Structures are given as structure tokens and as C-alpha cells.
file entry32.cif (mmCIF, C-alpha atoms and all ligand atoms)
data_target
#
loop_
_atom_site.label_atom_id
_atom_site.label_comp_id
_atom_site.auth_asym_id
_atom_site.auth_seq_id
_atom_site.Cartn_x
_atom_site.Cartn_y
_atom_site.Cartn_z
CA MET A 818 -23.16 86.36 84.37
CA GLU A 819 -23.25 82.60 84.42
CA LYS A 820 -19.73 82.57 85.78
CA THR A 821 -20.65 84.83 88.70
CA ASP A 822 -23.71 82.70 89.49
CA ASN A 823 -21.53 79.67 89.72
CA LEU A 824 -18.93 81.37 91.86
CA ALA A 825 -21.61 82.66 94.23
CA LYS A 826 -23.06 79.17 94.51
CA ASN A 827 -19.66 77.73 95.34
CA ILE A 828 -19.03 80.45 97.92
CA LYS A 829 -22.37 79.69 99.57
CA ASN A 830 -21.31 76.04 99.70
CA GLY A 831 -18.21 77.10 101.62
CA ASP A 832 -15.74 76.21 98.90
CA ILE A 833 -12.38 77.65 100.00
CA ARG A 834 -11.09 78.38 96.51
CA ALA A 835 -14.30 80.13 95.59
CA ILE A 836 -14.07 82.24 98.76
CA ALA A 837 -10.50 83.24 97.92
CA ARG A 838 -11.50 84.11 94.38
CA GLY A 839 -14.53 86.05 95.62
CA ILE A 840 -12.40 88.14 97.97
CA SER A 841 -9.90 88.88 95.20
CA ILE A 842 -12.73 90.06 93.00
CA VAL A 843 -14.15 92.42 95.60
CA GLU A 844 -10.65 93.69 96.43
CA ASN A 845 -10.08 94.62 92.83
CA GLY A 846 -13.41 96.40 92.47
CA GLY A 847 -15.21 96.94 89.18
CA TYR A 848 -18.21 95.33 87.57
CA GLU A 849 -17.56 91.79 88.75
CA ARG A 850 -17.49 92.98 92.33
CA GLU A 851 -21.00 94.32 92.09
CA ALA A 852 -22.31 91.19 90.43
CA ILE A 853 -20.91 88.89 93.08
CA LEU A 854 -22.02 91.03 96.02
CA GLN A 855 -25.50 91.26 94.59
CA GLU A 856 -25.65 87.45 94.66
CA LEU A 857 -24.29 87.20 98.19
CA TYR A 858 -25.80 90.21 99.94
CA THR A 859 -28.67 88.56 101.74
CA GLU A 860 -26.80 85.37 102.59
CA GLY A 861 -25.57 84.64 106.09
CA GLN A 862 -24.94 86.81 109.10
CA SER A 863 -21.72 86.83 111.00
CA TYR A 864 -20.60 88.43 114.19
CA ILE A 865 -17.69 90.80 113.57
CA VAL A 866 -14.86 91.29 116.05
CA GLY A 867 -12.20 93.92 115.31
CA ILE A 868 -8.78 93.50 116.87
CA THR A 869 -6.69 96.63 116.58
CA GLY A 870 -3.60 98.15 118.14
CA PRO A 871 -0.07 99.34 117.40
CA PRO A 872 2.34 97.34 115.25
CA GLY A 873 3.84 94.39 117.05
CA ALA A 874 1.42 94.52 120.00
CA GLY A 875 0.81 90.81 119.55
CA LYS A 876 -2.55 90.97 117.78
CA SER A 877 -1.93 88.01 115.46
CA SER A 878 -0.41 85.90 118.24
CA LEU A 879 -3.39 86.68 120.46
CA ILE A 880 -5.89 85.83 117.74
CA ASP A 881 -4.15 82.51 117.32
CA LEU A 882 -4.91 81.66 120.97
CA LEU A 883 -8.34 83.32 121.09
CA ILE A 884 -9.51 81.12 118.22
CA ASN A 885 -9.17 78.01 120.40
CA GLU A 886 -11.64 79.47 122.89
CA LEU A 887 -13.89 81.15 120.36
CA LYS A 888 -14.47 77.78 118.72
CA ASN A 889 -16.65 76.95 121.71
CA HIS A 890 -18.99 79.75 120.70
CA PHE A 891 -18.87 79.81 116.90
CA LYS A 892 -18.94 77.12 114.24
CA LYS A 893 -16.71 78.67 111.60
CA ILE A 894 -14.24 81.52 112.04
CA ALA A 895 -12.74 83.74 109.34
CA ILE A 896 -9.77 86.00 110.09
CA LEU A 897 -9.13 88.97 107.83
CA ALA A 898 -5.76 90.59 108.49
CA ILE A 899 -5.54 94.10 107.11
CA ASP A 900 -2.25 95.64 106.13
CA PRO A 901 -2.85 99.09 104.69
CA SER A 902 0.86 99.99 104.64
CA SER A 903 1.94 97.27 102.27
CA PRO A 904 -0.95 96.16 100.12
CA PHE A 905 1.17 94.26 97.66
CA THR A 906 4.07 92.75 99.56
CA GLY A 907 3.95 89.42 101.23
CA GLY A 908 5.71 90.37 104.45
CA ALA A 909 2.75 90.71 106.74
CA ILE A 910 0.87 88.02 104.93
CA LEU A 911 3.61 85.52 105.51
CA GLY A 912 4.01 86.64 109.11
CA ASP A 913 0.33 86.21 109.90
CA ARG A 914 0.23 82.82 108.25
CA ILE A 915 3.16 81.66 110.35
CA ARG A 916 1.71 83.05 113.55
CA MET A 917 -1.61 81.42 112.95
CA GLN A 918 -0.36 78.29 111.24
CA LYS A 919 -1.67 76.03 113.99
CA HIS A 920 -5.05 76.55 112.39
CA THR A 921 -4.20 76.20 108.73
CA GLY A 922 -5.32 72.57 108.53
CA ASP A 923 -8.63 73.34 110.25
CA PRO A 924 -11.49 73.43 107.73
CA ASP A 925 -13.53 75.69 110.03
CA ILE A 926 -10.86 78.40 110.16
CA TYR A 927 -10.16 80.67 107.22
CA ILE A 928 -7.26 83.14 107.30
CA ARG A 929 -6.78 85.80 104.70
CA SER A 930 -4.63 88.93 104.43
CA MET A 931 -6.36 91.87 102.81
CA ALA A 932 -5.17 94.56 100.46
CA SER A 933 -7.09 97.63 99.36
CA ARG A 934 -5.82 97.75 95.75
CA GLY A 935 -8.26 99.37 93.37
CA HIS A 936 -11.22 99.39 95.72
CA LEU A 937 -13.11 102.67 95.66
CA GLY A 938 -13.95 102.51 99.32
CA GLY A 939 -10.30 101.96 100.31
CA ILE A 940 -9.36 99.34 102.82
CA SER A 941 -12.53 99.58 104.87
CA GLY A 942 -14.62 99.17 101.72
CA ALA A 943 -12.64 96.11 100.67
CA THR A 944 -12.91 94.65 104.17
CA LYS A 945 -16.63 95.25 104.28
CA ASP A 946 -17.02 93.38 101.01
CA ALA A 947 -14.78 90.54 102.14
CA ILE A 948 -16.89 90.21 105.29
CA LYS A 949 -19.93 89.73 103.05
CA VAL A 950 -18.14 86.98 101.15
CA VAL A 951 -17.15 84.99 104.24
CA SER A 952 -20.54 85.56 105.88
CA ALA A 953 -22.25 84.12 102.82
CA ALA A 954 -19.88 81.16 103.06
CA GLY A 955 -21.21 80.37 106.52
CA TYR A 956 -18.52 81.82 108.78
CA ASP A 957 -20.47 82.97 111.79
CA LEU A 958 -17.54 84.84 113.30
CA VAL A 959 -15.25 87.21 111.41
CA ILE A 960 -12.17 88.60 113.14
CA VAL A 961 -10.68 91.67 111.50
CA GLU A 962 -7.09 92.48 112.49
CA THR A 963 -5.93 96.05 111.83
CA VAL A 964 -2.63 97.72 112.62
CA GLY A 965 -2.38 101.06 114.37
CA VAL A 966 -4.93 103.53 115.55
CA GLY A 967 -5.22 105.99 112.67
CA GLN A 968 -8.25 107.01 110.65
CA SER A 969 -8.28 103.98 108.37
CA GLU A 970 -8.30 101.70 111.41
CA ILE A 971 -11.10 103.68 112.96
CA ASP A 972 -13.05 103.17 109.73
CA VAL A 973 -12.43 99.46 109.95
CA VAL A 974 -13.39 99.49 113.61
CA LYS A 975 -16.74 100.98 112.63
CA LEU A 976 -17.40 97.73 110.80
CA ALA A 977 -17.03 95.66 113.94
CA ASP A 978 -19.68 94.64 116.44
CA THR A 979 -17.07 94.29 119.15
CA THR A 980 -13.69 95.99 119.07
CA VAL A 981 -10.70 94.83 121.08
CA LEU A 982 -7.92 97.39 121.46
CA VAL A 983 -4.60 95.69 122.16
CA LEU A 984 -2.02 97.75 123.99
CA VAL A 985 1.50 97.00 125.13
CA PRO A 986 3.85 98.64 127.59
CA GLY A 987 6.21 101.22 126.13
CA LEU A 988 3.67 103.23 124.20
CA GLY A 989 4.46 106.46 126.01
CA ASP A 990 2.76 109.26 124.16
CA GLU A 991 0.06 107.00 122.89
CA ILE A 992 -1.53 106.93 126.32
CA GLN A 993 -2.01 110.66 125.96
CA ALA A 994 -3.70 110.15 122.63
CA MET A 995 -5.88 107.52 124.22
CA LYS A 996 -7.43 110.04 126.51
CA SER A 997 -8.86 111.82 123.54
CA GLY A 998 -10.59 109.67 121.03
CA ILE A 999 -8.99 106.27 121.03
CA MET A 1000 -10.78 105.46 124.23
CA GLU A 1001 -14.03 105.60 122.32
CA ILE A 1002 -13.14 102.78 119.97
CA GLY A 1003 -12.48 99.94 122.38
CA ASP A 1004 -15.20 97.69 123.77
CA LEU A 1005 -12.45 95.73 125.48
CA PHE A 1006 -8.94 96.82 126.35
CA VAL A 1007 -6.28 94.18 126.34
CA VAL A 1008 -2.86 94.89 127.77
CA ASN A 1009 -0.71 92.22 126.16
CA LYS A 1010 2.79 90.99 127.09
CA SER A 1011 1.85 90.82 130.75
CA ASP A 1012 4.97 88.72 131.17
CA ARG A 1013 6.77 92.04 131.02
CA PRO A 1014 7.03 93.95 134.29
CA GLU A 1015 5.76 97.30 132.99
CA SER A 1016 2.42 95.89 131.83
CA GLU A 1017 0.84 96.06 135.27
CA LYS A 1018 1.43 99.80 135.40
CA LEU A 1019 -0.05 100.30 131.95
CA ALA A 1020 -3.14 98.29 132.90
CA THR A 1021 -3.61 100.46 135.98
CA THR A 1022 -3.40 103.62 133.88
CA VAL A 1023 -5.83 102.28 131.30
CA ARG A 1024 -8.25 101.19 134.04
CA TRP A 1025 -8.11 104.66 135.49
CA ILE A 1026 -8.84 106.29 132.13
CA VAL A 1027 -11.67 103.81 131.40
CA ASP A 1028 -13.22 104.45 134.83
CA GLU A 1029 -13.18 108.18 134.19
CA HIS A 1030 -14.41 107.97 130.63
CA TYR A 1031 -17.22 105.48 131.19
CA LYS A 1032 -18.40 106.77 134.55
CA GLU A 1033 -21.91 107.49 133.34
CA GLU A 1034 -22.23 104.70 130.79
CA ALA A 1035 -24.24 101.51 131.06
CA TYR A 1036 -21.39 99.51 129.60
CA LYS A 1037 -17.84 99.77 130.92
CA PRO A 1038 -15.10 98.10 128.84
CA PRO A 1039 -13.04 95.61 130.81
CA VAL A 1040 -9.26 96.00 130.93
CA ILE A 1041 -7.62 92.59 130.64
CA LEU A 1042 -3.98 91.61 131.06
CA THR A 1043 -2.86 88.91 128.63
CA SER A 1044 0.31 87.04 127.84
CA VAL A 1045 0.64 84.96 124.74
CA TYR A 1046 3.85 83.48 126.08
CA LYS A 1047 2.24 82.37 129.33
CA ASN A 1048 -1.18 81.69 127.82
CA GLU A 1049 -2.82 84.01 130.32
CA GLY A 1050 -5.93 86.14 130.06
CA ILE A 1051 -7.18 84.38 126.93
CA GLU A 1052 -10.34 82.89 128.44
CA GLU A 1053 -11.07 86.17 130.15
CA THR A 1054 -10.76 88.04 126.84
CA VAL A 1055 -13.20 85.67 125.16
CA ARG A 1056 -15.59 86.04 128.10
CA GLY A 1057 -15.30 89.80 127.65
CA ILE A 1058 -16.10 89.54 123.93
CA MET A 1059 -19.12 87.35 124.62
CA ALA A 1060 -20.33 89.67 127.38
CA HIS A 1061 -20.13 92.66 125.05
CA LYS A 1062 -21.97 90.68 122.40
CA ASP A 1063 -24.76 89.93 124.91
CA TYR A 1064 -24.84 93.58 125.89
CA ILE A 1065 -25.28 94.88 122.35
CA TYR A 1066 -27.91 92.25 121.56
CA GLU A 1067 -29.92 93.04 124.67
CA ASN A 1068 -29.85 96.76 124.03
CA ASP A 1069 -30.71 96.67 120.37
CA ILE A 1070 -27.31 98.20 119.58
CA TYR A 1071 -26.59 95.24 117.35
CA LYS A 1072 -29.71 95.91 115.32
CA GLN A 1073 -28.77 99.59 115.00
CA LYS A 1074 -25.28 98.68 113.83
CA ARG A 1075 -26.70 96.40 111.14
CA LYS A 1076 -29.06 99.09 109.95
CA MET A 1077 -26.27 101.66 109.89
CA ARG A 1078 -24.23 99.34 107.69
CA ILE A 1079 -27.10 98.87 105.30
CA GLU A 1080 -27.57 102.62 105.14
CA ASP A 1081 -23.86 103.00 104.43
CA ASP A 1082 -24.10 100.45 101.64
CA ILE A 1083 -27.00 102.25 100.01
CA ARG A 1084 -25.39 105.66 100.32
CA GLY A 1085 -22.03 104.38 99.10
CA LEU A 1086 -23.51 102.69 96.08
CA LEU A 1087 -25.67 105.67 95.22
CA GLU A 1088 -22.67 107.99 95.44
CA GLU A 1089 -20.65 105.65 93.28
CA LYS A 1090 -23.38 105.60 90.65
CA LEU A 1091 -23.94 109.34 90.74
CA ASN A 1092 -20.24 110.01 90.45
CA SER A 1093 -19.89 107.79 87.45
CA PHE A 1094 -22.99 109.39 85.93
CA ILE A 1095 -21.47 112.82 86.37
CA GLU A 1096 -18.09 111.80 84.98
CA HIS A 1097 -19.84 110.24 82.03
CA HIS A 1098 -22.04 113.16 81.17
CA ILE A 1099 -19.97 116.24 81.73
CA LYS A 1100 -16.68 115.10 80.23
CA TYR A 1101 -15.02 116.15 83.43
CA PRO A 1102 -11.40 115.33 82.53
CA GLU A 1103 -11.43 117.44 79.36
CA ARG A 1104 -13.21 120.41 80.83
CA ILE A 1105 -11.76 120.71 84.28
CA GLU A 1106 -8.69 122.56 83.03
CA GLN A 1107 -10.86 125.06 81.23
CA TRP A 1108 -12.91 125.68 84.37
CA VAL A 1109 -9.84 126.06 86.54
CA GLU A 1110 -8.45 128.59 84.09
CA LYS A 1111 -11.67 130.58 84.08
CA VAL A 1112 -11.79 130.81 87.86
CA TYR A 1113 -8.06 131.50 88.02
CA LYS A 1114 -8.45 134.47 85.68
CA GLY A 1115 -11.25 135.81 87.80
CA ASN A 1116 -13.92 135.26 85.17
CA SER A 1117 -15.96 132.82 87.21
CA THR A 1118 -16.25 131.06 90.55
CA PRO A 1119 -16.57 127.36 91.39
CA PHE A 1120 -20.12 128.16 92.49
CA ASP A 1121 -21.08 129.59 89.10
CA ILE A 1122 -19.47 126.71 87.26
CA VAL A 1123 -21.21 124.04 89.31
CA LYS A 1124 -24.49 125.93 89.10
CA GLU A 1125 -24.27 125.93 85.33
CA ILE A 1126 -23.42 122.23 85.18
CA HIS A 1127 -26.18 121.42 87.61
CA GLU A 1128 -28.77 123.28 85.57
CA ASN A 1129 -27.69 121.39 82.49
CA LEU A 1130 -27.80 117.96 84.06
CA ILE A 1131 -31.20 116.61 83.29
CA ILE A 1132 -31.95 113.99 85.86
CA ASP A 1133 -35.48 112.78 85.56
CA VAL A 1134 -36.45 111.94 89.11
CA LYS A 1135 -39.62 109.94 89.18
CA GLU A 1136 -42.16 110.75 91.89
CA GLU A 1137 -42.06 107.44 93.69
CA ILE A 1138 -38.43 107.89 94.80
N1 LIG B 1201 6.84 89.02 125.60
C1 LIG B 1201 5.78 88.81 124.84
N2 LIG B 1201 5.89 88.89 123.49
C2 LIG B 1201 4.78 88.68 122.75
C3 LIG B 1201 3.53 88.40 123.32
N3 LIG B 1201 2.63 88.28 122.33
C4 LIG B 1201 3.28 88.45 121.18
N4 LIG B 1201 4.59 88.69 121.40
C5 LIG B 1201 5.64 88.89 120.40
O1 LIG B 1201 5.46 90.16 119.80
C6 LIG B 1201 5.85 90.12 118.44
C7 LIG B 1201 4.75 90.64 117.56
O2 LIG B 1201 3.68 89.73 117.60
P1 LIG B 1201 2.51 89.74 116.50
O3 LIG B 1201 1.50 88.75 116.95
O4 LIG B 1201 3.06 89.61 115.16
O5 LIG B 1201 1.99 91.21 116.69
P2 LIG B 1201 0.96 92.01 115.75
O6 LIG B 1201 0.34 93.00 116.63
O7 LIG B 1201 0.07 91.06 115.04
O8 LIG B 1201 1.95 92.69 114.73
P3 LIG B 1201 1.57 93.43 113.35
O9 LIG B 1201 0.48 92.66 112.70
O10 LIG B 1201 2.84 93.41 112.60
O11 LIG B 1201 1.17 94.80 113.75
C8 LIG B 1201 6.22 88.66 118.15
O12 LIG B 1201 7.62 88.53 118.22
C9 LIG B 1201 5.55 87.90 119.26
O13 LIG B 1201 6.20 86.70 119.55
C10 LIG B 1201 3.45 88.31 124.75
O14 LIG B 1201 2.40 88.07 125.36
N5 LIG B 1201 4.61 88.52 125.44
MG MG B 1202 -0.37 90.88 112.94
#

call {"tool": "encode", "arguments": {"input": "entry32.cif", "output": "C-alpha cells", "more": "lines below"}}
Ligand SMILES: Nc1nc2c(ncn2[C@@H]2O[C@H](COP(=O)(O)OP(=O)(O)OP(=O)(O)O)[C@@H](O)[C@H]2O)c(=O)[nH]1
Ligand SMILES: [Mg+2]
result
Amino acid sequence: MEKTDNLAKNIKNGDIRAIARGISIVENGGYEREAILQELYTEGQSYIVGITGPPGAGKSSLIDLLINELKNHFKKIAILAIDPSSPFTGGAILGDRIRMQKHTGDPDIYIRSMASRGHLGGISGATKDAIKVVSAAGYDLVIVETVGVGQSEIDVVKLADTTVLVLVPGLGDEIQAMKSGIMEIGDLFVVNKSDRPESEKLATTVRWIVDEHYKEEAYKPPVILTSVYKNEGIEETVRGIMAHKDYIYENDIYKQKRKMRIEDDIRGLLEEKLNSFIEHHIKYPERIEQWVEKVYKGNSTPFDIVKEIHENLIIDVKEEI
């Protein structure tokens, strides 16, 4: 325990090596993860911005430029780049480092690529934990970069206070998909590579869809054209992020999001504990085959089996819970 105490203390002091070690621990899961998060849980609060979009949309390049502007609004910025497709290889990691290398010497900027590894909660669980580590270390803004628009990204997006969806011309079918669902996840829509001629048309289409979708809503996401090459639309994007932040603060949405995350943490942990309790007490791996066989032969049903197990599990629930 002493070791964890020390590590937590060093993280709280903003020590870079301790932060890196802390994130590795939470990525790998297990007992140490719990010990370190317990120490850090109540420390620090950071604003979380998710940047998501298809591969190669220019997310990392954009973040690199956005950071310059965001430094006017936040003291310390952490960037967590998520790569669910290749958790172990260095490809994306190296790429992101190169794209954001302007900032590597800056003590107020921390860049880290994330892998899900053994984490029970998958990539969104690992990211959530890593956010806690950097928040405790005093980073008041965390940018989470995720690739694609699948379920795992949507899970990560749920972690964010503000989500920026980055689109590029040439998506074709993806616009269709946007109409159903994807539209819900962006608080800002950025059409990047505006130096390309087709981007204007895409922005028009997105604006049209946003107008339709958010007709009745109090908040309407802006659609912003950006070009990393021409350094255009960057200030506007940051203004959009800050405006959304103001909006969610003023409407108590921010507070609700925080509470939802706490609820998630409690539920997640409880489930984890109950699962391990069950595994421990019913010798699941040895008996599962036997149960399957019984049901397969028509001698029982999953309902009967679980009912029997349930009746035999003596959980002494004290009144005050
Ligand atoms: N023409 C043009 N190219 C851009 C622009 N922004 C980024 N790119 C290029 O697009 C490519 C991908 O950029 P990244 O920043 O790596 O994109 P990403 O979305 O982070 O990519 P992944 O993380 O791999 O999904 C690079 O070759 C960039 O130089 C832009 O505004 N215009
Ligand atoms: Mg990237």
C-alpha cells in the first residue's frame, strides 16, 4: 500500500513519470488499479472534450492546432489518443507523437496513447480511469481522440462534456448513417480539409441535417469548416467548444453528466464485485459444463439452474443498504 500512496502523491504533484505509471496501472486493471483510483478519485476536476471521426480525418493534426488556442482557456491540457484497433502496436502512437510533437517540450501539455489491454471495462473503462489520473494531476482540460464512429467510440463519447465530430469529404455512405444516430453524438461538427473543393458541399449537407435534427432544441451544434494546412477555422472551433461548455454549465447539464458518471462508477464497481463474488462461490468454470449438459439433454432449463444457484447464495444484506 505504501507504494500506491507514494505514487498517488507524485501524481497529485503533477510528476510526469508518475502519471505515465498511473495510467499503465489502470490500463492493466487488477488490484493496483483500484488502490490508485481510490487515492485519486476526489482529486481535481477536468473538462473533457472528445474528438472523434473516421480514420485519417485529421483529428490529431487538428488537436495540434486547437491546443494553441485552448491554452488561452485552460492551464494544463492532457491528450489521450485512443486506438482500439491496435492496442499493442506503436503505429498510431508514433504517428500521434509526430503530429503533435510541437508540444512535446511543453510541461503543460501531456500526450498519451491509450490501449485497452486487460481492462474489464474495455477501452472506455480504461479511458475513464486515465481521465481520473490526469485530472488528479491538475490537467484542467482532457482531450480524448477516438477513431471511427462505432459503438466503442460512442461509449468514449459518453465520457465527454463536449464532443467534436470531425468529418471529411469523400465519406459517401457515412452521411446516410449520420442521419440516424451519429448526429446525436456531436456537439460541434467540424468539416476538415476545407482546402479541398468538395468540403463546401459536405458542410452544406451537414448544416442541412443539423438544422432538421435540432429544429426544436435549445442548443444547435455549429458546423465549422477547418483546414489544418491553411490554419483556418481553428479559432472558430475553440469558440464553439467554449460556447458549448457555457451552455452545459448554464443549463445544469454539466452537473447531470458528472452525476451520471458517478452513478456509472458505482454500478460498474458493484457489478465487478458481485461478479467476482459469484465466480468465487459457485465454482462457475467447473460446473458450467455440467449445467449446459443438463439443459442440453432436456433435464433442466437455464431458469431452473439459476434459480437453484440463487437460492443457495446466502448474501446477508444488512438493513441500512
Ligand atoms: N488536405 C488536408 N489534409 C489534412 C488536413 N488535416 C490533416 N490532413 C492530413 O490528413 C492525414 C491524416 O491526418 P491525422 O491528423 O493523422 O488524422 P487522424 O484523424 O488523427 O487519423 P487517425 O488517428 O489515424 O484516425 C495526414 O496526412 C494529414 O496531413 C487538412 O486540413 N487538409
Ligand atoms: Mg490520430

call {"tool": "residues_around", "arguments": {"input": "entry32.cif", "residues": "Thr859 (chain A)", "least_positions_apart": "2", "cutoff": "12 Å", "atoms": "all atoms listed in the file", "output": "PDB file with C-alpha atoms, in the coordinates of the input"}}
result
ATOM      1  CA  ALA A 825     -21.610  82.660  94.230  1.00  0.00           C
ATOM      2  CA  LYS A 829     -22.370  79.690  99.570  1.00  0.00           C
ATOM      3  CA  ILE A 853     -20.910  88.890  93.080  1.00  0.00           C
ATOM      4  CA  LEU A 854     -22.020  91.030  96.020  1.00  0.00           C
ATOM      5  CA  GLN A 855     -25.500  91.260  94.590  1.00  0.00           C
ATOM      6  CA  GLU A 856     -25.650  87.450  94.660  1.00  0.00           C
ATOM      7  CA  LEU A 857     -24.290  87.200  98.190  1.00  0.00           C
ATOM      8  CA  GLY A 861     -25.570  84.640 106.090  1.00  0.00           C
ATOM      9  CA  GLN A 862     -24.940  86.810 109.100  1.00  0.00           C
ATOM     10  CA  SER A 863     -21.720  86.830 111.000  1.00  0.00           C
ATOM     11  CA  LYS A 949     -19.930  89.730 103.050  1.00  0.00           C
ATOM     12  CA  VAL A 950     -18.140  86.980 101.150  1.00  0.00           C
ATOM     13  CA  SER A 952     -20.540  85.560 105.880  1.00  0.00           C
ATOM     14  CA  ALA A 953     -22.250  84.120 102.820  1.00  0.00           C
ATOM     15  CA  ALA A 954     -19.880  81.160 103.060  1.00  0.00           C
ATOM     16  CA  ILE A1079     -27.100  98.870 105.300  1.00  0.00           C
TER      17      ILE A1079
END

call {"tool": "atom_distance", "arguments": {"input": "entry32.cif", "atom1": "CA of Asp1082 (chain A)", "atom2": "CA of Ile865 (chain A)"}}
result
16.6 Å

call {"tool": "closest_residue", "arguments": {"input": "entry32.cif", "among": "A:Tyr1064, A:Tyr1071, A:Tyr1113, A:Tyr1046", "to": "ligand LIG 1201 (chain B)", "atoms": "all atoms listed in the file"}}
result
A:Tyr1046

call {"tool": "closest_residue", "arguments": {"input": "entry32.cif", "among": "A:Asp881, A:Glu1029, A:Asp978, A:Glu844", "to": "ligand MG 1202 (chain B)", "atoms": "only C-alpha atoms and all ligand atoms"}}
result
A:Asp881

call {"tool": "atom_distance", "arguments": {"input": "entry32.cif", "atom1": "CA of Ile1065 (chain A)", "atom2": "CA of Ala943 (chain A)"}}
result
25.1 Å

call {"tool": "residues_near_ligand", "arguments": {"input": "entry32.cif", "ligand": "ligand LIG 1201 (chain B)", "cutoff": "9 Å", "atoms": "only C-alpha atoms and all ligand atoms", "output": "PyMOL selection string"}}
result
chain A and resi 869-881+898-900+909+912-913+916-917+962-965+983+985+1008-1013+1043-1049

call {"tool": "atom_distance", "arguments": {"input": "entry32.cif", "atom1": "CA of Val959 (chain A)", "atom2": "CA of Ile894 (chain A)"}}
result
5.8 Å
